[in-house]
file input_5.cif (mmCIF, C-alpha atoms)
data_work
#
loop_
_atom_site.label_atom_id
_atom_site.label_comp_id
_atom_site.auth_asym_id
_atom_site.auth_seq_id
_atom_site.Cartn_x
_atom_site.Cartn_y
_atom_site.Cartn_z
CA MET A 64 17.43 -42.08 -6.46
CA PRO A 65 17.76 -39.66 -3.53
CA ASN A 66 17.29 -40.84 0.05
CA TYR A 67 14.55 -38.27 0.75
CA PRO A 68 10.94 -37.99 -0.49
CA ILE A 69 10.11 -36.64 -3.93
CA ILE A 70 7.06 -34.38 -4.27
CA ASP A 71 5.41 -33.88 -7.64
CA ALA A 72 3.97 -30.40 -7.10
CA HIS A 73 1.92 -30.13 -10.29
CA CYS A 74 -0.62 -32.89 -11.03
CA HIS A 75 -4.04 -32.60 -12.69
CA ILE A 76 -6.55 -35.31 -11.78
CA TYR A 77 -10.13 -35.97 -12.88
CA PRO A 78 -12.96 -38.34 -11.94
CA ASP A 79 -12.58 -41.64 -13.76
CA LYS A 80 -15.73 -41.17 -15.85
CA ILE A 81 -14.50 -37.91 -17.43
CA ALA A 82 -10.71 -38.27 -17.18
CA VAL A 83 -10.06 -39.29 -20.78
CA ARG A 84 -12.33 -36.54 -22.12
CA ALA A 85 -10.79 -33.88 -19.87
CA THR A 86 -7.26 -34.93 -20.82
CA ALA A 87 -8.18 -34.84 -24.50
CA GLY A 88 -9.29 -31.24 -24.06
CA THR A 89 -5.85 -30.29 -22.77
CA GLU A 90 -4.24 -32.19 -25.64
CA ARG A 91 -6.25 -30.14 -28.13
CA PHE A 92 -5.54 -26.86 -26.35
CA TYR A 93 -1.77 -27.38 -26.53
CA ASP A 94 -1.59 -29.66 -29.58
CA ILE A 95 0.33 -32.33 -27.67
CA HIS A 96 -0.21 -35.99 -26.82
CA ALA A 97 -0.61 -36.84 -23.14
CA PHE A 98 1.38 -39.66 -21.54
CA ALA A 99 -1.45 -40.75 -19.22
CA ASP A 100 -5.23 -40.62 -18.92
CA GLY A 101 -5.71 -38.23 -15.98
CA THR A 102 -7.03 -40.80 -13.50
CA VAL A 103 -5.79 -41.01 -9.92
CA SER A 104 -4.86 -44.67 -10.32
CA MET A 105 -2.52 -43.99 -13.25
CA LEU A 106 -0.97 -41.04 -11.40
CA LEU A 107 -0.05 -43.26 -8.46
CA GLU A 108 1.02 -46.21 -10.58
CA ASN A 109 3.43 -44.27 -12.78
CA GLY A 110 4.61 -41.97 -10.03
CA GLU A 111 5.64 -44.91 -7.88
CA LYS A 112 7.73 -46.29 -10.73
CA ALA A 113 9.53 -42.93 -10.90
CA GLY A 114 10.21 -42.81 -7.17
CA ILE A 115 7.68 -40.04 -6.45
CA THR A 116 6.25 -40.29 -2.94
CA HIS A 117 3.78 -37.40 -2.74
CA TYR A 118 1.57 -35.48 -5.17
CA VAL A 119 0.03 -32.00 -5.16
CA VAL A 120 -3.24 -32.52 -7.04
CA GLN A 121 -5.58 -30.03 -8.64
CA SER A 122 -8.09 -29.28 -11.37
CA VAL A 123 -9.48 -26.12 -12.99
CA ALA A 124 -13.00 -24.69 -13.08
CA THR A 125 -14.00 -23.22 -16.44
CA SER A 126 -17.25 -21.84 -14.97
CA PRO A 127 -18.37 -20.78 -11.48
CA ALA A 128 -20.80 -23.69 -11.35
CA GLN A 129 -17.92 -26.19 -11.41
CA VAL A 130 -15.99 -24.75 -8.46
CA SER A 131 -17.57 -26.53 -5.51
CA GLY A 132 -17.85 -29.91 -7.25
CA ILE A 133 -14.19 -29.86 -8.29
CA ASN A 134 -13.06 -28.85 -4.81
CA ARG A 135 -15.04 -31.67 -3.20
CA PHE A 136 -13.61 -34.17 -5.70
CA ILE A 137 -10.05 -33.07 -4.93
CA ALA A 138 -10.71 -33.27 -1.17
CA GLU A 139 -12.24 -36.75 -1.51
CA SER A 140 -9.28 -37.94 -3.59
CA VAL A 141 -6.85 -36.66 -0.97
CA ALA A 142 -8.80 -38.38 1.80
CA LYS A 143 -8.55 -41.72 -0.03
CA SER A 144 -4.82 -41.41 -0.81
CA ASN A 145 -3.38 -42.66 2.49
CA GLY A 146 -1.40 -39.48 2.90
CA LYS A 147 0.11 -39.53 -0.60
CA MET A 148 -1.66 -36.40 -1.84
CA THR A 149 -2.10 -32.76 -0.93
CA GLY A 150 -4.95 -30.96 -2.66
CA LEU A 151 -5.44 -27.52 -4.15
CA GLY A 152 -8.86 -26.01 -4.73
CA THR A 153 -10.00 -23.99 -7.70
CA LEU A 154 -11.74 -20.61 -7.99
CA HIS A 155 -13.42 -18.68 -10.78
CA PRO A 156 -13.46 -14.86 -10.79
CA ASP A 157 -17.05 -14.70 -12.05
CA SER A 158 -18.40 -16.57 -9.04
CA PRO A 159 -20.85 -14.42 -7.04
CA HIS A 160 -19.70 -16.23 -3.90
CA LEU A 161 -15.93 -15.89 -3.94
CA LYS A 162 -15.60 -15.46 -0.20
CA GLU A 163 -17.69 -18.57 0.43
CA ASP A 164 -15.70 -20.49 -2.20
CA VAL A 165 -12.45 -19.64 -0.42
CA GLU A 166 -13.89 -20.62 2.95
CA GLU A 167 -15.01 -23.96 1.49
CA ILE A 168 -11.50 -24.62 0.18
CA ILE A 169 -10.13 -24.05 3.67
CA SER A 170 -12.87 -26.10 5.37
CA LEU A 171 -12.19 -29.02 3.01
CA GLY A 172 -8.57 -29.07 4.16
CA LEU A 173 -7.13 -28.03 0.81
CA HIS A 174 -3.76 -26.30 0.91
CA GLY A 175 -3.95 -23.74 -1.90
CA VAL A 176 -5.64 -22.67 -5.13
CA LYS A 177 -5.02 -23.55 -8.77
CA LEU A 178 -5.80 -21.03 -11.53
CA HIS A 179 -5.25 -21.41 -15.27
CA HIS A 180 -5.90 -18.03 -16.82
CA ASP A 181 -5.56 -19.12 -20.45
CA ILE A 182 -8.05 -21.97 -20.16
CA GLN A 183 -10.35 -20.01 -17.84
CA GLY A 184 -10.16 -16.99 -20.15
CA PHE A 185 -9.16 -14.08 -17.94
CA LYS A 186 -5.99 -12.05 -17.43
CA ILE A 187 -3.92 -12.47 -14.27
CA ASP A 188 -4.29 -8.74 -13.58
CA ASP A 189 -7.96 -8.55 -14.57
CA TYR A 190 -9.90 -6.44 -12.05
CA ARG A 191 -12.22 -9.42 -11.46
CA CYS A 192 -9.31 -11.42 -10.07
CA LEU A 193 -8.25 -8.89 -7.46
CA LYS A 194 -10.80 -10.21 -4.97
CA ILE A 195 -9.28 -13.68 -5.31
CA TYR A 196 -5.82 -12.38 -4.47
CA GLU A 197 -7.18 -10.32 -1.59
CA LEU A 198 -8.97 -13.33 -0.11
CA CYS A 199 -5.98 -15.67 -0.55
CA GLU A 200 -3.23 -13.29 0.54
CA GLY A 201 -1.54 -14.66 3.66
CA ARG A 202 -3.90 -17.67 3.71
CA LEU A 203 -3.64 -19.80 0.58
CA PRO A 204 -0.80 -20.03 -1.95
CA ILE A 205 -1.86 -19.89 -5.59
CA LEU A 206 -0.38 -22.18 -8.23
CA MET A 207 -1.11 -20.48 -11.52
CA HIS A 208 -0.30 -21.35 -15.09
CA THR A 209 2.07 -18.73 -16.47
CA GLY A 210 2.99 -18.01 -20.07
CA ASP A 211 1.67 -18.66 -23.56
CA HIS A 212 2.97 -17.06 -26.74
CA ARG A 213 -0.48 -17.35 -28.32
CA TYR A 214 -2.30 -15.19 -25.77
CA ASP A 215 -1.77 -12.41 -23.26
CA PHE A 216 -3.68 -13.77 -20.29
CA SER A 217 -0.89 -15.24 -18.16
CA ASN A 218 2.39 -13.81 -19.44
CA PRO A 219 4.94 -12.27 -17.04
CA ASN A 220 3.75 -8.72 -17.75
CA ARG A 221 0.38 -9.68 -16.26
CA LEU A 222 1.87 -11.35 -13.19
CA LEU A 223 4.36 -8.65 -12.21
CA PRO A 224 1.88 -5.98 -11.05
CA VAL A 225 -0.13 -8.49 -9.02
CA LEU A 226 2.91 -9.68 -7.08
CA ARG A 227 4.04 -6.10 -6.48
CA ILE A 228 0.64 -5.11 -5.07
CA PHE A 229 -0.19 -8.25 -3.08
CA THR A 230 3.17 -8.62 -1.38
CA GLU A 231 1.94 -11.21 1.15
CA LEU A 232 0.43 -13.42 -1.56
CA THR A 233 2.50 -16.52 -2.31
CA VAL A 234 2.34 -17.53 -5.97
CA VAL A 235 3.87 -20.52 -7.71
CA GLY A 236 4.33 -19.62 -11.36
CA ALA A 237 4.02 -22.86 -13.27
CA HIS A 238 6.46 -23.72 -16.05
CA LEU A 239 9.30 -21.54 -14.70
CA GLY A 240 7.09 -18.48 -14.84
CA GLY A 241 6.50 -18.36 -18.57
CA TRP A 242 5.68 -21.40 -20.69
CA SER A 243 6.88 -20.75 -24.25
CA VAL A 244 7.91 -17.17 -23.34
CA TRP A 245 10.81 -17.97 -21.03
CA GLU A 246 12.85 -15.10 -22.42
CA ARG A 247 10.40 -12.68 -20.75
CA THR A 248 10.78 -14.00 -17.19
CA GLU A 249 13.90 -12.14 -16.05
CA GLU A 250 12.06 -9.56 -13.92
CA LEU A 251 10.13 -12.30 -12.13
CA THR A 252 13.28 -13.71 -10.55
CA GLU A 253 13.57 -10.67 -8.27
CA LEU A 254 10.16 -11.07 -6.61
CA PRO A 255 10.35 -12.49 -3.08
CA ASN A 256 6.77 -13.83 -3.03
CA LEU A 257 7.13 -15.86 -6.25
CA TYR A 258 8.14 -19.50 -6.53
CA VAL A 259 8.10 -21.44 -9.81
CA ASP A 260 7.81 -25.05 -10.85
CA CYS A 261 9.67 -26.77 -13.68
CA SER A 262 6.72 -28.70 -15.12
CA SER A 263 6.21 -28.75 -18.91
CA CYS A 264 9.57 -27.13 -19.58
CA PHE A 265 12.02 -29.91 -20.41
CA PRO A 266 9.84 -31.48 -23.17
CA PHE A 267 9.74 -28.20 -25.11
CA ARG A 268 13.24 -26.77 -24.84
CA GLY A 269 15.30 -29.55 -23.29
CA ALA A 270 16.65 -29.73 -19.74
CA GLN A 271 20.00 -28.11 -20.53
CA ALA A 272 18.30 -25.11 -22.15
CA MET A 273 16.24 -24.60 -18.99
CA LEU A 274 19.28 -24.68 -16.70
CA PRO A 275 20.25 -20.97 -16.97
CA ILE A 276 16.68 -19.92 -16.18
CA MET A 277 16.53 -22.28 -13.20
CA LYS A 278 19.88 -21.02 -11.92
CA HIS A 279 18.64 -17.44 -12.25
CA TYR A 280 15.67 -18.16 -10.00
CA GLY A 281 17.80 -20.18 -7.59
CA ALA A 282 17.12 -23.64 -6.21
CA GLU A 283 15.36 -22.21 -3.17
CA LYS A 284 12.54 -20.89 -5.41
CA ILE A 285 11.87 -23.94 -7.65
CA LEU A 286 9.46 -26.86 -7.18
CA PHE A 287 9.60 -30.08 -9.18
CA GLY A 288 6.46 -30.97 -11.13
CA THR A 289 5.49 -33.27 -13.99
CA ASP A 290 2.22 -31.66 -15.14
CA TYR A 291 0.52 -35.06 -14.96
CA PRO A 292 -1.00 -36.44 -17.12
CA MET A 293 1.08 -34.78 -19.84
CA TRP A 294 4.54 -36.34 -19.44
CA SER A 295 6.26 -39.52 -18.25
CA PRO A 296 7.34 -39.00 -14.63
CA ILE A 297 10.33 -41.30 -15.17
CA THR A 298 11.52 -39.12 -18.04
CA GLU A 299 10.90 -35.90 -16.12
CA ILE A 300 12.89 -37.16 -13.11
CA LYS A 301 15.68 -38.31 -15.41
CA ASN A 302 15.78 -34.92 -17.15
CA PHE A 303 15.94 -33.09 -13.84
CA MET A 304 18.63 -35.37 -12.41
CA SER A 305 20.77 -34.76 -15.50
CA LEU A 306 21.20 -31.13 -14.46
CA PRO A 307 24.27 -30.13 -12.44
CA PHE A 308 22.57 -29.18 -9.19
CA THR A 309 24.19 -30.00 -5.86
CA GLU A 310 22.52 -32.58 -3.66
CA LYS A 311 21.36 -29.80 -1.33
CA GLU A 312 19.80 -27.96 -4.30
CA ARG A 313 18.11 -31.12 -5.52
CA GLU A 314 16.57 -31.70 -2.12
CA LEU A 315 15.14 -28.18 -2.14
CA ILE A 316 13.63 -28.60 -5.62
CA LEU A 317 12.39 -32.17 -5.26
CA TYR A 318 11.08 -31.95 -1.71
CA LYS A 319 11.68 -29.09 0.71
CA ASN A 320 10.27 -26.16 -1.29
CA ALA A 321 6.95 -27.85 -2.01
CA LYS A 322 6.71 -29.02 1.60
CA LYS A 323 7.15 -25.42 2.75
CA VAL A 324 4.91 -23.66 0.20
CA PHE A 325 1.99 -26.09 0.44
CA ARG A 326 2.43 -26.93 4.15
CA ILE A 327 2.78 -30.64 3.55
CA ASN A 328 3.14 -32.72 6.70
#

call {"tool": "encode", "arguments": {"input": "input_5.cif", "output": "structure tokens"}}
result
Amino acid sequence: MPNYPIIDAHCHIYPDKIAVRATAGTERFYDIHAFADGTVSMLLENGEKAGITHYVVQSVATSPAQVSGINRFIAESVAKSNGKMTGLGTLHPDSPHLKEDVEEIISLGLHGVKLHHDIQGFKIDDYRCLKIYELCEGRLPILMHTGDHRYDFSNPNRLLPVLRIFTELTVVGAHLGGWSVWERTEELTELPNLYVDCSSCFPFRGAQAMLPIMKHYGAEKILFGTDYPMWSPITEIKNFMSLPFTEKERELILYKNAKKVFRIN
């Protein structure tokens, strides 16, 4: 293992009483079987075995009424983690109080926003979302799910215009910018305000198949992530370490990029 910290920049967590049910919903949505149950305790237990030292945790609001409760849960989980977690808030474009929601995220000490357009049911470039990007630009990075061959909510064609308009908005495009539609991501690699993470890529196409896409983005634009609770962190680390990156490139992907984007101390 490397002699520097490893940050898992893409982890979904849920309160213990609903974790199994929430994880099952994701399993049904993607027709996959999750490795873990979505609880904080299992995240930390399995991450430690894989050598992961820090976690960027998040959840997604499927209605405006869920936003504040989710954000408080994430903040409380971070506060109890002894410095092992950094939290992202969530927003919903139909909230009548978007400005207040953003201010609450900042007041809770959360370091960004998570959006999942396919599950939340709106397009990245939907007019309703423009206020979110305006409020977050220059203040909060947004980690957003990107790509799904079944829908047209989060595919690269939806992300491109947003990043070209909101040039000071930092976005992390999950799953190398286009889960299941990786062949459509070429234009994304030229955008200076876009980072990507490599979560939920290796299990679908294999690590070696992802290598050309990762090289095209460049190591300075990629964050490591496991998409907890979906995949074994040990296997995800092993898959990543099998790729022919230099030690300097590995340090960027496993640690330095996430530290920079999410302002992790």

call {"tool": "residues_around", "arguments": {"input": "input_5.cif", "residues": "segment 291-306 of chain A", "least_positions_apart": "5", "cutoff": "10 Å", "atoms": "all atoms listed in the file", "output": "PyMOL selection string"}}
result
chain A and resi 64-65+69+71-76+82+86+89-90+95-103+105-106+109-115+118+120+261-266+269-271+273-274+313+316-317

call {"tool": "closest_residue", "arguments": {"input": "input_5.cif", "among": "A:Pro127, A:Pro78, A:Gly150, A:Pro156", "to": "Ile169 of chain A", "atoms": "only C-alpha atoms"}}
result
A:Gly150

call {"tool": "closest_residue", "arguments": {"input": "input_5.cif", "among": "A:Gln183, A:Asn220, A:Thr153, A:Thr233", "to": "Pro204 of chain A", "atoms": "all atoms listed in the file"}}
result
A:Thr233

call {"tool": "closest_residue", "arguments": {"input": "input_5.cif", "among": "A:Gln129, A:Asn256, A:Asn328, A:Ser158", "to": "Leu232 of chain A", "atoms": "only C-alpha atoms"}}
result
A:Asn256

call {"tool": "residues_around", "arguments": {"input": "input_5.cif", "residues": "Gly210 of chain A", "least_positions_apart": "4", "cutoff": "12 Å", "atoms": "all atoms listed in the file", "output": "count of residues only"}}
result
31

call {"tool": "closest_residue", "arguments": {"input": "input_5.cif", "among": "A:Glu310, A:Ala272, A:Ser131, A:Tyr318", "to": "Ile168 of chain A", "atoms": "all atoms listed in the file"}}
result
A:Ser131

call {"tool": "axis_aligned_box", "arguments": {"input": "input_5.cif", "around": "segment 85-93 of chain A", "padding_each_side": "4 Å", "output": "lines of an AutoDock Vina configuration file"}}
result
center_x = -6.3
center_y = -30.9
center_z = -24.0
size_x = 17.0
size_y = 16.1
size_z = 16.3

call {"tool": "residues_around", "arguments": {"input": "input_5.cif", "residues": "Lys319 of chain A", "least_positions_apart": "2", "cutoff": "10 Å", "atoms": "all atoms listed in the file", "output": "list of chain:residue names"}}
result
A:Tyr67, A:Pro68, A:Ile69, A:Ile70, A:Glu283, A:Ile285, A:Leu286, A:Lys311, A:Glu312, A:Arg313, A:Glu314, A:Leu315, A:Ile316, A:Leu317, A:Ala321, A:Lys322, A:Lys323, A:Val324, A:Ile327

call {"tool": "closest_residue", "arguments": {"input": "input_5.cif", "among": "A:Arg135, A:Lys284, A:Arg268, A:Lys194", "to": "Ser170 of chain A", "atoms": "only C-alpha atoms"}}
result
A:Arg135

call {"tool": "atom_distance", "arguments": {"input": "input_5.cif", "atom1": "atom CA of Pro255 of chain A", "atom2": "atom CA of Ile205 of chain A"}}
result
14.5 Å

call {"tool": "closest_residue", "arguments": {"input": "input_5.cif", "among": "A:Pro159, A:Gly281, A:Gly152, A:Pro275", "to": "Met207 of chain A", "atoms": "only C-alpha atoms"}}
result
A:Gly152

call {"tool": "resolve_selection", "arguments": {"input": "input_5.cif", "expression": "the PyMOL selection byres ((chain A and resi 148) around 9)", "output": "ChimeraX atom specification"}}
result
/A:116-120,140-147,149-150

call {"tool": "atom_distance", "arguments": {"input": "input_5.cif", "atom1": "atom CA of Leu203 of chain A", "atom2": "atom CA of His174 of chain A"}}
result
6.5 Å
